[in-house]
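Trainee: One structure, pasted below without further comment.
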Amino acid sequence: MTVHPSLQTSVDAWTHSVEAISELVAPLVEGEWNRATECPGWSVRDVVSHVIGLETEMLGDPRPIHSLPRDLFHVTDELSRYMEVQVDVRRCHTAPEMTSELEYTVIRRSRQLRNEKRSPDTLVRGPLGGAEVTLEHALLLRAFDVWVHEQDLRRALNQPGNLDSPGAHVARDVLLDGLPEIVAKLAAAPAHSTVVLDVTGPVEFMRTVRVDAEGRATLDGSVSLGPTVTLSMDWETYVRLSCGRVRPEAVADRLKTDGDLELAQAILRNFSLTP
């Protein structure tokens, strides 16, 4: 147990997902590490490298000094350039090198988390090299990120599972937290509109986004009668759309929209919360 119980949910979710990743990649032969994932430009090796890299940064290790090639089409801004360094530096690593570094990093991070004595509101380095965030938020983001990448690997390797794991419930809360901004700001939903999100599957829920007279949006669990828009989809589709893994038109057969079609399309165009 950590000293602060408020951190335990994130720690448990992170542990479950990162151990699942270790189990997934341990038996892979060299060629399987090159399988493409839904992360643009990233293979299985690259996703694992990303996980290793960010966990070593959370440990306080120095970032590698490495110059990126100029022909990486998916590196389009400073954030993607920042993330790519930890990935590209490992592209020449063999399968045994990858699995051993992952295992060693997980051991070190698990030990660090078990011995965590800092307060949840302690400011720490952001997981993506940005402004400082609270320790509680940093651990939440790592639990979210690792579960999402576990699912990236499972789809690439055709090894489905853990769609209802502790990390899945962390991901649900993180993704729903961004939904009001998508509806009110990015999709510019009009005042007094209501948008219902109906998600089925291993993680099932229904939420309503309500836009008030001033254009501010709130999220609640009550069911709106006669909503402006209803979006219905399964849990995995919701995750893939929200994390920018697929475009709405690619999963049209798994989406159902009712109500104001123009607003529904605007919401779906802006559905991705991750770069």
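Residues are referred to by chain and number: the chain letter is A, B, ... according to the order shown in the structure tokens, the number counts from 1 in that chain, and ligands are numbered separately from 1 in the order shown.
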Using only C-alpha atoms, which residues sit within 7 Å of Thr230 of chain A once same-chain residues fewer than 5 positions away are excluded, as an MDAnalysis selection string?
Mentor: chainID A and resid 195:197 257:259
Trainee: Please list as a PyMOL selection string every residue within 12 Å of Arg207 of chain A, counting only C-alpha atoms and excluding residues in the same chain fewer than 4 positions away.
Mentor: chain A and resi 172-173+175-177+179-180+194-200+218-224+227+229-232
Trainee: Tell me, as an mmCIF file with all heavy atoms, in the first residue's frame, which residues lie within 12 Å of Glu30 of chain A, counting only C-alpha atoms; anything in the same chain fewer than 4 positions away does not count.
Mentor:
data_model
loop_
_atom_site.group_PDB
_atom_site.id
_atom_site.type_symbol
_atom_site.label_atom_id
_atom_site.label_comp_id
_atom_site.auth_asym_id
_atom_site.auth_seq_id
_atom_site.Cartn_x
_atom_site.Cartn_y
_atom_site.Cartn_z
ATOM 1 N N VAL A 25 4.538 -9.336 -24.489
ATOM 2 C CA VAL A 25 5.692 -9.230 -25.382
ATOM 3 C C VAL A 25 6.790 -10.248 -25.074
ATOM 4 O O VAL A 25 7.662 -10.473 -25.918
ATOM 5 C CB VAL A 25 6.283 -7.802 -25.367
ATOM 6 C CG1 VAL A 25 5.218 -6.787 -25.774
ATOM 7 C CG2 VAL A 25 6.865 -7.439 -24.002
ATOM 8 N N ALA A 26 6.749 -10.877 -23.913
ATOM 9 C CA ALA A 26 7.816 -11.810 -23.539
ATOM 10 C C ALA A 26 8.024 -12.920 -24.565
ATOM 11 O O ALA A 26 9.169 -13.257 -24.890
ATOM 12 C CB ALA A 26 7.540 -12.394 -22.154
ATOM 13 N N ASN A 34 7.985 -5.925 -35.014
ATOM 14 C CA ASN A 34 7.865 -4.926 -36.082
ATOM 15 C C ASN A 34 6.436 -4.754 -36.570
ATOM 16 O O ASN A 34 6.202 -3.974 -37.492
ATOM 17 C CB ASN A 34 8.763 -5.315 -37.263
ATOM 18 C CG ASN A 34 10.224 -5.348 -36.878
ATOM 19 O OD1 ASN A 34 10.683 -4.511 -36.110
ATOM 20 N ND2 ASN A 34 10.961 -6.327 -37.399
ATOM 21 N N ARG A 35 5.497 -5.467 -35.984
ATOM 22 C CA ARG A 35 4.105 -5.310 -36.400
ATOM 23 C C ARG A 35 3.627 -3.884 -36.166
ATOM 24 O O ARG A 35 3.899 -3.281 -35.124
ATOM 25 C CB ARG A 35 3.211 -6.276 -35.635
ATOM 26 C CG ARG A 35 3.329 -7.716 -36.082
ATOM 27 C CD ARG A 35 2.167 -8.523 -35.544
ATOM 28 N NE ARG A 35 2.330 -9.944 -35.784
ATOM 29 C CZ ARG A 35 1.441 -10.864 -35.426
ATOM 30 N NH1 ARG A 35 0.325 -10.483 -34.801
ATOM 31 N NH2 ARG A 35 1.659 -12.145 -35.668
ATOM 32 N N VAL A 44 5.065 -2.424 -32.661
ATOM 33 C CA VAL A 44 4.997 -2.983 -31.310
ATOM 34 C C VAL A 44 6.230 -2.567 -30.514
ATOM 35 O O VAL A 44 6.130 -2.140 -29.355
ATOM 36 C CB VAL A 44 4.880 -4.522 -31.370
ATOM 37 C CG1 VAL A 44 5.132 -5.156 -30.012
ATOM 38 C CG2 VAL A 44 3.509 -4.927 -31.909
ATOM 39 N N ARG A 45 7.412 -2.666 -31.137
ATOM 40 C CA ARG A 45 8.652 -2.255 -30.462
ATOM 41 C C ARG A 45 8.574 -0.784 -30.023
ATOM 42 O O ARG A 45 8.985 -0.429 -28.924
ATOM 43 C CB ARG A 45 9.852 -2.456 -31.385
ATOM 44 C CG ARG A 45 11.169 -1.916 -30.799
ATOM 45 C CD ARG A 45 12.322 -2.022 -31.775
ATOM 46 N NE ARG A 45 12.854 -3.378 -31.815
ATOM 47 C CZ ARG A 45 12.566 -4.271 -32.752
ATOM 48 N NH1 ARG A 45 11.752 -3.940 -33.749
ATOM 49 N NH2 ARG A 45 13.086 -5.482 -32.716
ATOM 50 N N CYS A 92 16.864 0.048 -32.855
ATOM 51 C CA CYS A 92 17.865 -0.958 -33.203
ATOM 52 C C CYS A 92 17.983 -2.052 -32.141
ATOM 53 O O CYS A 92 18.803 -2.969 -32.273
ATOM 54 C CB CYS A 92 19.228 -0.303 -33.416
ATOM 55 S SG CYS A 92 19.828 0.587 -31.956
ATOM 56 N N HIS A 93 17.176 -1.985 -31.087
ATOM 57 C CA HIS A 93 17.288 -2.956 -30.001
ATOM 58 C C HIS A 93 16.640 -4.285 -30.392
ATOM 59 O O HIS A 93 15.600 -4.318 -31.052
ATOM 60 C CB HIS A 93 16.627 -2.420 -28.729
ATOM 61 C CG HIS A 93 17.410 -1.313 -28.086
ATOM 62 N ND1 HIS A 93 17.196 -0.903 -26.792
ATOM 63 C CD2 HIS A 93 18.419 -0.530 -28.554
ATOM 64 C CE1 HIS A 93 18.029 0.088 -26.491
ATOM 65 N NE2 HIS A 93 18.767 0.331 -27.546
ATOM 66 N N THR A 94 17.241 -5.368 -29.966
ATOM 67 C CA THR A 94 16.719 -6.702 -30.238
ATOM 68 C C THR A 94 15.586 -7.035 -29.276
ATOM 69 O O THR A 94 15.382 -6.352 -28.258
ATOM 70 C CB THR A 94 17.817 -7.752 -30.081
ATOM 71 O OG1 THR A 94 18.251 -7.761 -28.705
ATOM 72 C CG2 THR A 94 19.001 -7.453 -30.990
ATOM 73 N N ALA A 95 14.875 -8.132 -29.572
ATOM 74 C CA ALA A 95 13.792 -8.579 -28.697
ATOM 75 C C ALA A 95 14.276 -8.837 -27.270
ATOM 76 O O ALA A 95 13.650 -8.359 -26.310
ATOM 77 C CB ALA A 95 13.125 -9.822 -29.283
ATOM 78 N N PRO A 96 15.384 -9.573 -27.073
ATOM 79 C CA PRO A 96 15.864 -9.779 -25.694
ATOM 80 C C PRO A 96 16.234 -8.469 -24.989
ATOM 81 O O PRO A 96 16.002 -8.332 -23.779
ATOM 82 C CB PRO A 96 17.097 -10.676 -25.870
ATOM 83 C CG PRO A 96 16.871 -11.379 -27.165
ATOM 84 C CD PRO A 96 16.166 -10.391 -28.030
ATOM 85 N N GLU A 97 16.791 -7.526 -25.733
ATOM 86 C CA GLU A 97 17.128 -6.232 -25.121
ATOM 87 C C GLU A 97 15.863 -5.493 -24.696
ATOM 88 O O GLU A 97 15.820 -4.871 -23.624
ATOM 89 C CB GLU A 97 17.929 -5.379 -26.111
ATOM 90 C CG GLU A 97 19.355 -5.849 -26.314
ATOM 91 C CD GLU A 97 20.066 -5.096 -27.414
ATOM 92 O OE1 GLU A 97 19.402 -4.683 -28.398
ATOM 93 O OE2 GLU A 97 21.299 -4.925 -27.312
ATOM 94 N N MET A 98 14.825 -5.561 -25.509
ATOM 95 C CA MET A 98 13.577 -4.880 -25.188
ATOM 96 C C MET A 98 12.912 -5.495 -23.960
ATOM 97 O O MET A 98 12.497 -4.776 -23.039
ATOM 98 C CB MET A 98 12.620 -4.931 -26.383
ATOM 99 C CG MET A 98 13.062 -4.116 -27.587
ATOM 100 S SD MET A 98 13.169 -2.338 -27.264
ATOM 101 C CE MET A 98 11.478 -1.977 -26.795
ATOM 102 N N THR A 99 12.803 -6.817 -23.937
ATOM 103 C CA THR A 99 12.113 -7.457 -22.817
ATOM 104 C C THR A 99 12.885 -7.290 -21.512
ATOM 105 O O THR A 99 12.287 -7.086 -20.456
ATOM 106 C CB THR A 99 11.874 -8.945 -23.099
ATOM 107 O OG1 THR A 99 13.106 -9.572 -23.452
ATOM 108 C CG2 THR A 99 10.868 -9.129 -24.216
#
Trainee: Run DSSP on the backbone and give me the residues of segment 28-251 of chain A it puts in strand (DSSP E), as a count of residues only.
Mentor: 28
Trainee: Please determine, counting only C-alpha atoms, which residue among A:Pro5, A:Pro27, A:Pro248, A:Gly161 has the shortest atom-to-atom distance to Pro120 of chain A.
Mentor: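 Smallest separation from Pro120 of chain A among the options: A:Pro5.
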Trainee: Just give me the gap between atom CA of Glu55 of chain A and atom CA of Trp33 of chain A in Å, one decimal is fine.
Mentor: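 Interatomic distance, atom CA of Glu55 of chain A to atom CA of Trp33 of chain A: 19.8 Å.
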Trainee: Under the rule of at most 8 Å, produce a per-residue listing of segment 97-187 of chain A near segment 56-71 of chain A: chain, number, name, the closest pair of atoms, and the distance in Å, as CSV, using only C-alpha atoms.
Mentor:
residue,atom,partner,partner_atom,distance
A:Thr105,CA,A:Thr56,CA,6.8
A:Arg108,CA,A:Leu59,CA,7.9
A:Arg109,CA,A:Leu59,CA,6.7
A:Gln112,CA,A:Leu59,CA,7.7
A:Arg125,CA,A:Met58,CA,7.5
A:Pro127,CA,A:Met58,CA,6.8
Trainee: Let me make sure I understand: among A:Leu139, A:Val85, A:Trp147, A:Val209, which one has the smallest atom-to-atom distance to Gly178 of chain A if we use only C-alpha atoms?
Mentor: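 The shortest atom-to-atom distance to Gly178 of chain A comes from A:Val209.
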Trainee: So how many Å separate atom CA of Phe144 of chain A and atom CA of Leu72 of chain A, to one decimal?
Mentor: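 Spanning atom CA of Phe144 of chain A to atom CA of Leu72 of chain A is a straight-line distance of 25.9 Å.
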